[in-house]
Amino acid sequence: MKRCIKVVASSAIGLFVVWALFRGADWRVVGRTIREVRLGWLLLMQVPIWLSYVARIQRWSYIVRATKPASFRHMFSATHIGFLANFTLPLRIGEPIRALVLNRLAKLKFPQAMAMVVLDRVTDLISLVPVLVVTLIALPSIGTIVLPPGTLKNEKPIIFKEAYITAGAWGAMAFLLGVVAVLVLLYVNKAMVLRISDRLLGGVWPRLARSARGLLTHFAEGLHVFRSAADMAKSVAFSLITWGLTLISWVFLLEAFDLEWPWYTVFVMQSFLAAAISAPGLPGLLGQFHFPIVIALLVCVEGMDPNGAKALAIVAHLLCVIPIYIAGVFCLFWEQMGLLELTRETAHSQVEFEQDG
């Protein structure tokens, strides 16, 4: 029942975002903008996208091998089947599915595999900090954000004061730094972290406190990566390379639409997108993927037409989704697995994972 409520709630939010963003679109303008795109730049965009997948897997390999080495093939399959699940199923179930596939292929225990997945996400977040820093630097240049009429079928401009945007950006930065602090503290003194968690949650939500204790205990098992400073440094380095390649792909996309854009546009796009897709939504991140790109373009590119921004967001989504589906379906076939079967097994493994410890 709890899972159904989450699915319904996240889907309702996703549908609202899609409706709000596209209800006022002039589809003739959107279609004409897409037809006029420069295909050479779109083809070139695929190069950094696919290279970013390789860098992402290499990043994860330095984390996983601290517990048990896994082959590139196994990690490639686990990563892309997880991506496929995230873009096909609700509630971002792709992360635990990635852990389950690694559990099957590399014979790594599911709790350990989950810890490896979480650590990979933490490394990802650490490397996102420079992107957010650049966005914060750019905010004074952007000033007050004004969404022109027609963005959300609004008749009057929608205004967001600079102070609110800056506070939100600093809040995201504080959250990332807090995650890193908890991670380090968990490694240095696991017992203290567990005591704090029990005291904070035990008196109010005993069941949540038990789940949190089990999660933190299993997560601490994955922190062996910190025993090798070199492996952690390499993991962070490849994470930075991954984000760098992603930013380059956005540059090629903007050039494909022949836009005049300030240097910070790609950083703002990536920051807004990372924040938006971190929450559950519709399968395929419909609306959830498009909205931050549209807002970022209207914020950064002077005189940007809302319909042109929506056209670019649609193309960006397709160019990101198509490689994920190609690689994900290929890996399912290659490893002789089924997505529905993995989903059912993942749900069962997650229950045991949360109850254990």
# chains A, B, ... in the order shown; residues from 1 in each chain; ligands from 1
>>> residues_around(residues="Ala276 in chain A", least_positions_apart="6", cutoff="9 Å", atoms="only C-alpha atoms", output="MDAnalysis selection string")
chainID A and resid 288:289 291:292
>>> write_last_selection(atoms="C-alpha atoms", output="PDB file, in the first residue's frame")
ATOM      1  CA  GLN A 288      10.899  16.340 -14.767  1.00  0.00           C
ATOM      2  CA  PHE A 289      13.764  16.326 -17.282  1.00  0.00           C
ATOM      3  CA  PHE A 291      11.297  21.623 -16.937  1.00  0.00           C
ATOM      4  CA  PRO A 292      14.765  22.463 -15.497  1.00  0.00           C
TER       5      PRO A 292
END
>>> select_by_dssp(residues="range 126-337 of chain A", states="helix (DSSP H, G or I)", output="VMD selection string")
chain A and resid 126 to 142 162 to 188 190 to 202 206 to 227 229 to 256 265 to 276 283 to 285 290 to 300 306 to 335
>>> closest_residue(among="A:Leu282, A:Leu208, A:Ala138, A:Ala313", to="Thr265 in chain A", atoms="only C-alpha atoms")
A:Ala138
>>> closest_residue(among="A:Val131, A:Leu273, A:Ala85, A:Leu39", to="Gly338 in chain A", atoms="only C-alpha atoms")
A:Ala85
>>> atom_distance(atom1="CA of Leu177 in chain A", atom2="CA of Gly82 in chain A")
26.0 Å
>>> atom_distance(atom1="CA of Trp170 in chain A", atom2="CA of Val236 in chain A")
21.9 Å
>>> atom_distance(atom1="CA of Ala12 in chain A", atom2="CA of Gly281 in chain A")
8.2 Å
>>> closest_atom_pairs(of="range 240-302 of chain A", to="range 47-54 of chain A", cutoff="6 Å", atoms="only C-alpha atoms", output="CSV")
residue,atom,partner,partner_atom,distance
A:Thr242,CA,A:Ser52,CA,4.8
A:Leu245,CA,A:Pro48,CA,5.1
A:Ser249,CA,A:Pro48,CA,5.7
>>> write_last_selection(atoms="C-alpha atoms", output="compact mmCIF listing (two decimals), in the first residue's frame")
# COMPACT_ATOMS: atom_id res chain seq x y z
CA THR A 242 31.99 12.29 -16.20
CA LEU A 245 31.83 15.20 -20.58
CA SER A 249 27.49 17.38 -24.54
>>> residues_around(residues="range 16-33 of chain A", least_positions_apart="3", cutoff="12 Å", atoms="only C-alpha atoms", output="VMD selection string")
chain A and resid 9 to 13 36 to 38 147 149 to 155 256 to 259 276 281 to 282 284 to 295 305 to 315
>>> write_last_selection(atoms="N, CA and C atoms", output="tab-separated table (two decimals), in the first residue's frame")
chain	number	residue	atom	x	y	z
A	9	ALA	N	1.51	9.28	-5.96
A	9	ALA	CA	1.90	10.65	-5.64
A	9	ALA	C	2.96	11.18	-6.61
A	10	SER	N	4.00	10.37	-6.86
A	10	SER	CA	5.07	10.81	-7.76
A	10	SER	C	4.56	10.96	-9.19
A	11	SER	N	3.66	10.07	-9.60
A	11	SER	CA	3.09	10.16	-10.95
A	11	SER	C	2.22	11.39	-11.10
A	12	ALA	N	1.45	11.70	-10.05
A	12	ALA	CA	0.59	12.88	-10.10
A	12	ALA	C	1.42	14.16	-10.22
A	13	ILE	N	2.51	14.22	-9.48
A	13	ILE	CA	3.40	15.38	-9.56
A	13	ILE	C	4.01	15.48	-10.95
A	36	GLU	N	14.80	22.71	-37.85
A	36	GLU	CA	15.91	23.57	-38.24
A	36	GLU	C	17.20	23.27	-37.49
A	37	VAL	N	17.18	22.28	-36.59
A	37	VAL	CA	18.36	21.97	-35.80
A	37	VAL	C	19.49	21.46	-36.70
A	38	ARG	N	20.74	21.73	-36.30
A	38	ARG	CA	21.90	21.30	-37.07
A	38	ARG	C	22.31	19.89	-36.63
A	147	LEU	N	10.42	34.62	-15.75
A	147	LEU	CA	9.91	33.72	-16.77
A	147	LEU	C	8.90	34.48	-17.62
A	149	PRO	N	5.92	35.65	-20.35
A	149	PRO	CA	4.57	35.12	-20.64
A	149	PRO	C	4.64	33.97	-21.66
A	150	GLY	N	3.85	32.94	-21.43
A	150	GLY	CA	3.83	31.80	-22.34
A	150	GLY	C	4.68	30.64	-21.89
A	151	THR	N	5.51	30.84	-20.86
A	151	THR	CA	6.35	29.73	-20.39
A	151	THR	C	5.50	28.61	-19.85
A	152	LEU	N	4.55	28.96	-18.96
A	152	LEU	CA	3.63	27.99	-18.37
A	152	LEU	C	2.19	28.40	-18.67
A	153	LYS	N	2.00	28.97	-19.84
A	153	LYS	CA	0.73	29.56	-20.25
A	153	LYS	C	0.33	30.70	-19.32
A	154	ASN	N	1.34	31.36	-18.78
A	154	ASN	CA	1.10	32.50	-17.92
A	154	ASN	C	0.96	33.77	-18.75
A	155	GLU	N	0.00	34.61	-18.39
A	155	GLU	CA	-0.24	35.85	-19.12
A	155	GLU	C	0.72	36.95	-18.69
A	256	ALA	N	23.87	23.13	-31.65
A	256	ALA	CA	22.97	22.54	-32.65
A	256	ALA	C	21.76	23.43	-32.89
A	257	PHE	N	21.36	24.19	-31.85
A	257	PHE	CA	20.22	25.09	-31.98
A	257	PHE	C	20.65	26.51	-32.32
A	258	ASP	N	21.95	26.68	-32.57
A	258	ASP	CA	22.51	27.97	-33.03
A	258	ASP	C	22.12	29.12	-32.09
A	259	LEU	N	22.36	28.89	-30.79
A	259	LEU	CA	22.02	29.89	-29.79
A	259	LEU	C	23.25	30.71	-29.40
A	276	ALA	N	16.39	18.53	-10.14
A	276	ALA	CA	15.04	18.12	-10.53
A	276	ALA	C	14.88	16.61	-10.61
A	281	GLY	N	9.50	10.50	-10.05
A	281	GLY	CA	8.52	11.14	-10.92
A	281	GLY	C	7.95	10.13	-11.89
A	282	LEU	N	7.53	10.61	-13.05
A	282	LEU	CA	7.01	9.71	-14.08
A	282	LEU	C	8.14	8.86	-14.68
A	284	GLY	N	10.66	7.58	-17.30
A	284	GLY	CA	11.29	8.34	-18.37
A	284	GLY	C	11.61	9.77	-17.99
A	285	LEU	N	11.31	10.13	-16.72
A	285	LEU	CA	11.55	11.50	-16.24
A	285	LEU	C	10.83	12.53	-17.12
A	286	LEU	N	9.66	12.16	-17.62
A	286	LEU	CA	8.89	13.07	-18.48
A	286	LEU	C	8.52	14.32	-17.69
A	287	GLY	N	8.72	15.46	-18.29
A	287	GLY	CA	8.45	16.72	-17.62
A	287	GLY	C	9.53	17.08	-16.63
A	288	GLN	N	9.87	16.15	-15.79
A	288	GLN	CA	10.90	16.34	-14.77
A	288	GLN	C	12.26	16.64	-15.39
A	289	PHE	N	12.53	16.07	-16.55
A	289	PHE	CA	13.76	16.33	-17.28
A	289	PHE	C	13.66	17.63	-18.06
A	290	HIS	N	12.51	17.89	-18.64
A	290	HIS	CA	12.34	19.04	-19.53
A	290	HIS	C	12.28	20.36	-18.77
A	291	PHE	N	11.56	20.37	-17.65
A	291	PHE	CA	11.30	21.62	-16.94
A	291	PHE	C	12.57	22.37	-16.55
A	292	PRO	N	13.57	21.71	-15.89
A	292	PRO	CA	14.77	22.46	-15.50
A	292	PRO	C	15.56	23.00	-16.68
A	293	ILE	N	15.55	22.29	-17.80
A	293	ILE	CA	16.28	22.77	-18.97
A	293	ILE	C	15.61	24.01	-19.54
A	294	VAL	N	14.29	23.98	-19.62
A	294	VAL	CA	13.55	25.15	-20.11
A	294	VAL	C	13.82	26.35	-19.22
A	295	ILE	N	13.72	26.16	-17.91
A	295	ILE	CA	13.93	27.27	-16.98
A	295	ILE	C	15.36	27.80	-17.09
A	305	ASP	N	13.07	32.26	-26.65
A	305	ASP	CA	11.64	32.00	-26.84
A	305	ASP	C	11.26	30.75	-26.05
A	306	PRO	N	10.21	30.79	-25.22
A	306	PRO	CA	9.81	29.60	-24.45
A	306	PRO	C	9.57	28.37	-25.32
A	307	ASN	N	9.02	28.56	-26.53
A	307	ASN	CA	8.78	27.42	-27.41
A	307	ASN	C	10.09	26.83	-27.92
A	308	GLY	N	11.08	27.70	-28.19
A	308	GLY	CA	12.39	27.21	-28.59
A	308	GLY	C	13.06	26.45	-27.47
A	309	ALA	N	12.89	26.93	-26.22
A	309	ALA	CA	13.47	26.23	-25.08
A	309	ALA	C	12.82	24.86	-24.90
A	310	LYS	N	11.51	24.78	-25.13
A	310	LYS	CA	10.82	23.49	-25.01
A	310	LYS	C	11.25	22.53	-26.11
A	311	ALA	N	11.48	23.05	-27.31
A	311	ALA	CA	11.98	22.21	-28.40
A	311	ALA	C	13.34	21.64	-28.05
A	312	LEU	N	14.22	22.48	-27.51
A	312	LEU	CA	15.55	22.00	-27.14
A	312	LEU	C	15.46	20.96	-26.04
A	313	ALA	N	14.57	21.16	-25.06
A	313	ALA	CA	14.42	20.21	-23.97
A	313	ALA	C	13.93	18.85	-24.48
A	314	ILE	N	13.01	18.88	-25.45
A	314	ILE	CA	12.51	17.63	-26.02
A	314	ILE	C	13.63	16.87	-26.72
A	315	VAL	N	14.42	17.57	-27.52
A	315	VAL	CA	15.54	16.94	-28.23
A	315	VAL	C	16.57	16.42	-27.24
>>> closest_atom_pairs(of="range 86-200 of chain A", to="range 58-80 of chain A", cutoff="9 Å", atoms="only C-alpha atoms", output="JSON lines")
{"residue": "A:Gly94", "atom": "CA", "partner": "A:Thr79", "partner_atom": "CA", "distance": 8.8}
{"residue": "A:Glu95", "atom": "CA", "partner": "A:Thr79", "partner_atom": "CA", "distance": 8.7}
{"residue": "A:Ile97", "atom": "CA", "partner": "A:Ala78", "partner_atom": "CA", "distance": 7.8}
{"residue": "A:Arg98", "atom": "CA", "partner": "A:Ala78", "partner_atom": "CA", "distance": 4.9}
{"residue": "A:Ala99", "atom": "CA", "partner": "A:Ala78", "partner_atom": "CA", "distance": 7.2}
{"residue": "A:Leu100", "atom": "CA", "partner": "A:Ala78", "partner_atom": "CA", "distance": 8.0}
{"residue": "A:Val101", "atom": "CA", "partner": "A:Ala78", "partner_atom": "CA", "distance": 5.2}
{"residue": "A:Leu102", "atom": "CA", "partner": "A:Ala78", "partner_atom": "CA", "distance": 5.6}
{"residue": "A:Leu105", "atom": "CA", "partner": "A:His74", "partner_atom": "CA", "distance": 6.0}
{"residue": "A:Ala106", "atom": "CA", "partner": "A:Ala70", "partner_atom": "CA", "distance": 5.7}
{"residue": "A:Lys107", "atom": "CA", "partner": "A:Lys68", "partner_atom": "CA", "distance": 8.8}
{"residue": "A:Leu108", "atom": "CA", "partner": "A:Lys68", "partner_atom": "CA", "distance": 7.1}
{"residue": "A:Gln112", "atom": "CA", "partner": "A:Thr67", "partner_atom": "CA", "distance": 8.0}
{"residue": "A:Ala113", "atom": "CA", "partner": "A:Val64", "partner_atom": "CA", "distance": 8.0}
{"residue": "A:Met116", "atom": "CA", "partner": "A:Val64", "partner_atom": "CA", "distance": 6.0}
{"residue": "A:Val117", "atom": "CA", "partner": "A:Trp60", "partner_atom": "CA", "distance": 8.1}
{"residue": "A:Leu119", "atom": "CA", "partner": "A:Ile63", "partner_atom": "CA", "distance": 7.4}
{"residue": "A:Asp120", "atom": "CA", "partner": "A:Trp60", "partner_atom": "CA", "distance": 5.8}
{"residue": "A:Thr123", "atom": "CA", "partner": "A:Arg59", "partner_atom": "CA", "distance": 8.5}
>>> write_last_selection(atoms="C-alpha atoms", output="tab-separated table (two decimals), in the first residue's frame")
chain	number	residue	atom	x	y	z
A	94	GLY	CA	17.07	1.57	-10.88
A	95	GLU	CA	19.60	2.03	-8.06
A	97	ILE	CA	18.25	-2.98	-9.39
A	98	ARG	CA	21.82	-1.96	-10.22
A	99	ALA	CA	22.88	-3.47	-6.88
A	100	LEU	CA	20.91	-6.66	-7.56
A	101	VAL	CA	22.48	-7.13	-11.01
A	102	LEU	CA	25.95	-6.62	-9.51
A	105	LEU	CA	26.98	-11.14	-11.81
A	106	ALA	CA	29.87	-10.41	-9.44
A	107	LYS	CA	28.63	-12.62	-6.59
A	108	LEU	CA	28.64	-9.64	-4.23
A	112	GLN	CA	27.44	-4.74	0.05
A	113	ALA	CA	26.31	-4.06	-3.50
A	116	MET	CA	28.68	0.32	-3.38
A	117	VAL	CA	25.81	1.95	-5.27
A	119	LEU	CA	28.98	5.29	-2.39
A	120	ASP	CA	28.97	5.76	-6.15
A	123	THR	CA	31.11	10.31	-5.24
>>> select_by_dssp(residues="range 117-300 of chain A", states="strand (DSSP E or B)", output="PyMOL selection string")
chain A and resi 145-147+158-160
>>> closest_residue(among="A:Phe267, A:Pro206, A:Leu43, A:Gly171", to="Val134 in chain A", atoms="only C-alpha atoms")
A:Phe267
>>> residues_around(residues="Ala181 in chain A", least_positions_apart="6", cutoff="12 Å", atoms="only C-alpha atoms", output="list in words")
Val122, Ile126, Ala174, Phe175, Tyr187, Val188, Asn189 and Val193 of chain A
>>> write_last_selection(atoms="C-alpha atoms", output="short mmCIF file (atom, residue, chain, number, x, y, z; two decimals), in the first residue's frame")
data_model
loop_
_atom_site.label_atom_id
_atom_site.label_comp_id
_atom_site.auth_asym_id
_atom_site.auth_seq_id
_atom_site.Cartn_x
_atom_site.Cartn_y
_atom_site.Cartn_z
CA VAL A 122 28.02 10.06 -3.04
CA ILE A 126 30.97 15.29 -4.38
CA ALA A 174 25.02 22.65 2.36
CA PHE A 175 23.14 19.39 1.76
CA TYR A 187 33.79 5.85 8.74
CA VAL A 188 35.62 7.43 11.68
CA ASN A 189 33.08 6.55 14.40
CA VAL A 193 26.54 7.89 14.27
#
>>> decode(residues="range 270-291 of chain A", atoms="C-alpha atoms", output="compact mmCIF listing (two decimals), in the first residue's frame")
# COMPACT_ATOMS: atom_id res chain seq x y z
CA GLN A 270 23.25 20.82 -15.20
CA SER A 271 22.66 22.18 -11.67
CA PHE A 272 18.92 22.65 -12.27
CA LEU A 273 18.65 19.24 -13.95
CA ALA A 274 20.53 17.40 -11.19
CA ALA A 275 18.21 18.89 -8.57
CA ALA A 276 15.04 18.12 -10.53
CA ILE A 277 15.74 14.48 -11.39
CA SER A 278 16.86 13.57 -7.86
CA ALA A 279 13.21 13.06 -6.85
CA PRO A 280 10.87 10.29 -8.07
CA GLY A 281 8.52 11.14 -10.92
CA LEU A 282 7.01 9.71 -14.08
CA PRO A 283 8.83 6.89 -15.90
CA GLY A 284 11.29 8.34 -18.37
CA LEU A 285 11.55 11.50 -16.24
CA LEU A 286 8.89 13.07 -18.48
CA GLY A 287 8.45 16.72 -17.62
CA GLN A 288 10.90 16.34 -14.77
CA PHE A 289 13.76 16.33 -17.28
CA HIS A 290 12.34 19.04 -19.53
CA PHE A 291 11.30 21.62 -16.94
